[in-house]
Amino acid sequence: MKINAISLFASAGIGELNLHKGNLNFVAANELLAKRAETYEFFYPEVKMFQGDIVDDELKSEMINFAKKNNVKFLLATPPCQGLSSVGRNKHQDHFIKDRRNFLVMEVFDYIDNLDLDYVLIENVPRFLEMYFPYDSGFYLLENILKSRYEGKYVIDIRVLNAKDYGISQSRPRAIIKMFKKKL
């Protein structure tokens with residue numbers, strides 16, 4: 001039986017290519033950039049693409065309502081990592097704080113809070129796990145925020161995995177955050 005899914009920060013859908021072939025039925029996706037959204041629609045014409053800024057409350061409400069109507073139980077979130085990347089220039093903490101993209105993961109909480117999700121998968125660069133995010137009048141690691149918000153409902157498994165350990169001929173370490181209901 002397939003599980004209905006939504007993809008946030010979907011880009012052109014390349015990162016979830018094999019997920020479409022498995023037990024997930026992606027019914028909705030979101031991408032900011034029009035060309036990437038159009039590419040996603042070309043590859044996955046059966047998926048409802050919500051093109052626009054994920055911080056837009058009207059768009060977010062529309063997406064959450066669509067996900068509810070379609071009984072979405074799996075959320076995939078791959079927030080932009082360019083702001084966290086150290087490639088290309090010498091960055092320090094000020095760069096990370098000033099780049100709005102680095103905080104977009106906080107938008108995912110609205111989906112988790114408003115949908116009855118069984119599974120949540122968040123992927124990014126390893127530095128993502130070392131960054132402090134503004135939350136509850138302070139700054140905290142994402143792991144601490146997730147645990148304070150969701151540990152009662154979800155098992156939270158956070159790891160850095162490398163694609164080279166899974167048959168890919170490239171060293172590509174990624175931060176993987178898995179959350180799933182305790183009964184599952």
# chains A, B, ... in the order shown; residues from 1 in each chain; ligands from 1
>>> closest_atom_pairs(of="region 92-180 of chain A", to="region 1-23 of chain A", cutoff="10 Å", atoms="only C-alpha atoms", output="tab-separated table")
residue	atom	partner	partner_atom	distance
A:Leu104	CA	A:Phe9	CA	9.4
A:Val105	CA	A:Phe9	CA	9.7
A:Glu107	CA	A:Leu8	CA	9.7
A:Val108	CA	A:Leu8	CA	8.1
A:Tyr111	CA	A:Leu8	CA	9.8
A:Leu117	CA	A:Ala5	CA	9.2
A:Asp118	CA	A:Ile3	CA	9.5
A:Tyr119	CA	A:Ala5	CA	9.2
A:Val120	CA	A:Ala5	CA	9.7
A:Leu121	CA	A:Ser7	CA	9.7
A:Ile122	CA	A:Leu8	CA	9.5
A:Glu123	CA	A:Gly15	CA	9.8
>>> select_by_dssp(residues="region 27-184 of chain A", states="alpha helix (DSSP H)", output="PyMOL selection string")
chain A and resi 34-43+57-69+93-98+108-114+142-150
>>> residues_around(residues="Phe50 (chain A)", least_positions_apart="4", cutoff="9 Å", atoms="only C-alpha atoms", output="ChimeraX atom specification")
/A:28-32,37,59,62-63
>>> write_last_selection(atoms="N, CA and C atoms", output="PDB file, in the first residue's frame")
ATOM      1  N   ALA A  28       1.870  16.132  -3.656  1.00  0.00           N
ATOM      2  CA  ALA A  28       2.118  17.577  -3.684  1.00  0.00           C
ATOM      3  C   ALA A  28       3.597  17.855  -3.487  1.00  0.00           C
ATOM      4  N   ALA A  29       4.018  18.993  -4.036  1.00  0.00           N
ATOM      5  CA  ALA A  29       5.398  19.441  -3.885  1.00  0.00           C
ATOM      6  C   ALA A  29       5.414  20.960  -3.917  1.00  0.00           C
ATOM      7  N   ASN A  30       6.484  21.514  -3.360  1.00  0.00           N
ATOM      8  CA  ASN A  30       6.660  22.964  -3.342  1.00  0.00           C
ATOM      9  C   ASN A  30       8.067  23.301  -3.815  1.00  0.00           C
ATOM     10  N   GLU A  31       8.148  24.327  -4.648  1.00  0.00           N
ATOM     11  CA  GLU A  31       9.432  24.841  -5.110  1.00  0.00           C
ATOM     12  C   GLU A  31       9.298  26.337  -5.332  1.00  0.00           C
ATOM     13  N   LEU A  32      10.293  27.079  -4.900  1.00  0.00           N
ATOM     14  CA  LEU A  32      10.290  28.533  -5.035  1.00  0.00           C
ATOM     15  C   LEU A  32      10.478  28.984  -6.482  1.00  0.00           C
ATOM     16  N   ALA A  37      10.285  24.357 -10.688  1.00  0.00           N
ATOM     17  CA  ALA A  37       8.922  23.839 -10.517  1.00  0.00           C
ATOM     18  C   ALA A  37       8.403  23.254 -11.825  1.00  0.00           C
ATOM     19  N   LEU A  59       0.046  30.560   0.751  1.00  0.00           N
ATOM     20  CA  LEU A  59       0.502  29.357   0.048  1.00  0.00           C
ATOM     21  C   LEU A  59       0.621  28.183   1.019  1.00  0.00           C
ATOM     22  N   GLU A  62      -2.780  26.827   1.861  1.00  0.00           N
ATOM     23  CA  GLU A  62      -3.302  26.076   0.713  1.00  0.00           C
ATOM     24  C   GLU A  62      -2.654  24.687   0.635  1.00  0.00           C
ATOM     25  N   MET A  63      -1.357  24.632   0.866  1.00  0.00           N
ATOM     26  CA  MET A  63      -0.646  23.352   0.800  1.00  0.00           C
ATOM     27  C   MET A  63      -1.060  22.421   1.947  1.00  0.00           C
TER      28      MET A  63
END
>>> select_by_dssp(residues="chain A", states="strand (DSSP E)", output="PyMOL selection string")
chain A and resi 3-8+24-31+48-51+74-77+119-124+132-135+138-141+154-162+173-181
>>> closest_residue(among="A:Phe74, A:Val155, A:Met106, A:Asp116", to="Phe133 (chain A)", atoms="only C-alpha atoms")
A:Met106
>>> atom_distance(atom1="CA of Met131 (chain A)", atom2="CA of Ser171 (chain A)")
21.9 Å
>>> atom_distance(atom1="CA of Phe128 (chain A)", atom2="CA of Ala163 (chain A)")
17.0 Å
>>> atom_distance(atom1="CA of Asn114 (chain A)", atom2="CA of Glu130 (chain A)")
27.0 Å
>>> closest_residue(among="A:Arg127, A:Arg149, A:Lys68, A:Lys35", to="Arg174 (chain A)", atoms="only C-alpha atoms")
A:Arg127
>>> residues_around(residues="Leu33 (chain A)", least_positions_apart="6", cutoff="9 Å", atoms="only C-alpha atoms", output="PyMOL selection string")
chain A and resi 11+51-53
>>> write_last_selection(atoms="N, CA, C and O atoms", output="compact mmCIF listing (two decimals), in the first residue's frame")
# COMPACT_ATOMS: atom_id res chain seq x y z
N SER A 11 12.81 21.42 -5.59
CA SER A 11 13.67 21.69 -6.74
C SER A 11 13.06 20.99 -7.97
O SER A 11 11.85 21.05 -8.16
N GLN A 51 4.06 26.26 -6.65
CA GLN A 51 5.24 27.08 -6.91
C GLN A 51 5.10 28.39 -6.15
O GLN A 51 4.10 29.09 -6.27
N GLY A 52 6.11 28.69 -5.33
CA GLY A 52 6.10 29.93 -4.57
C GLY A 52 6.93 29.82 -3.31
O GLY A 52 7.51 28.77 -3.03
N ASP A 53 6.95 30.90 -2.57
CA ASP A 53 7.78 30.99 -1.36
C ASP A 53 7.10 30.29 -0.19
O ASP A 53 5.97 30.64 0.18
>>> closest_residue(among="A:Tyr140, A:Tyr44, A:Phe180, A:Tyr166", to="Ile112 (chain A)", atoms="only C-alpha atoms")
A:Phe180
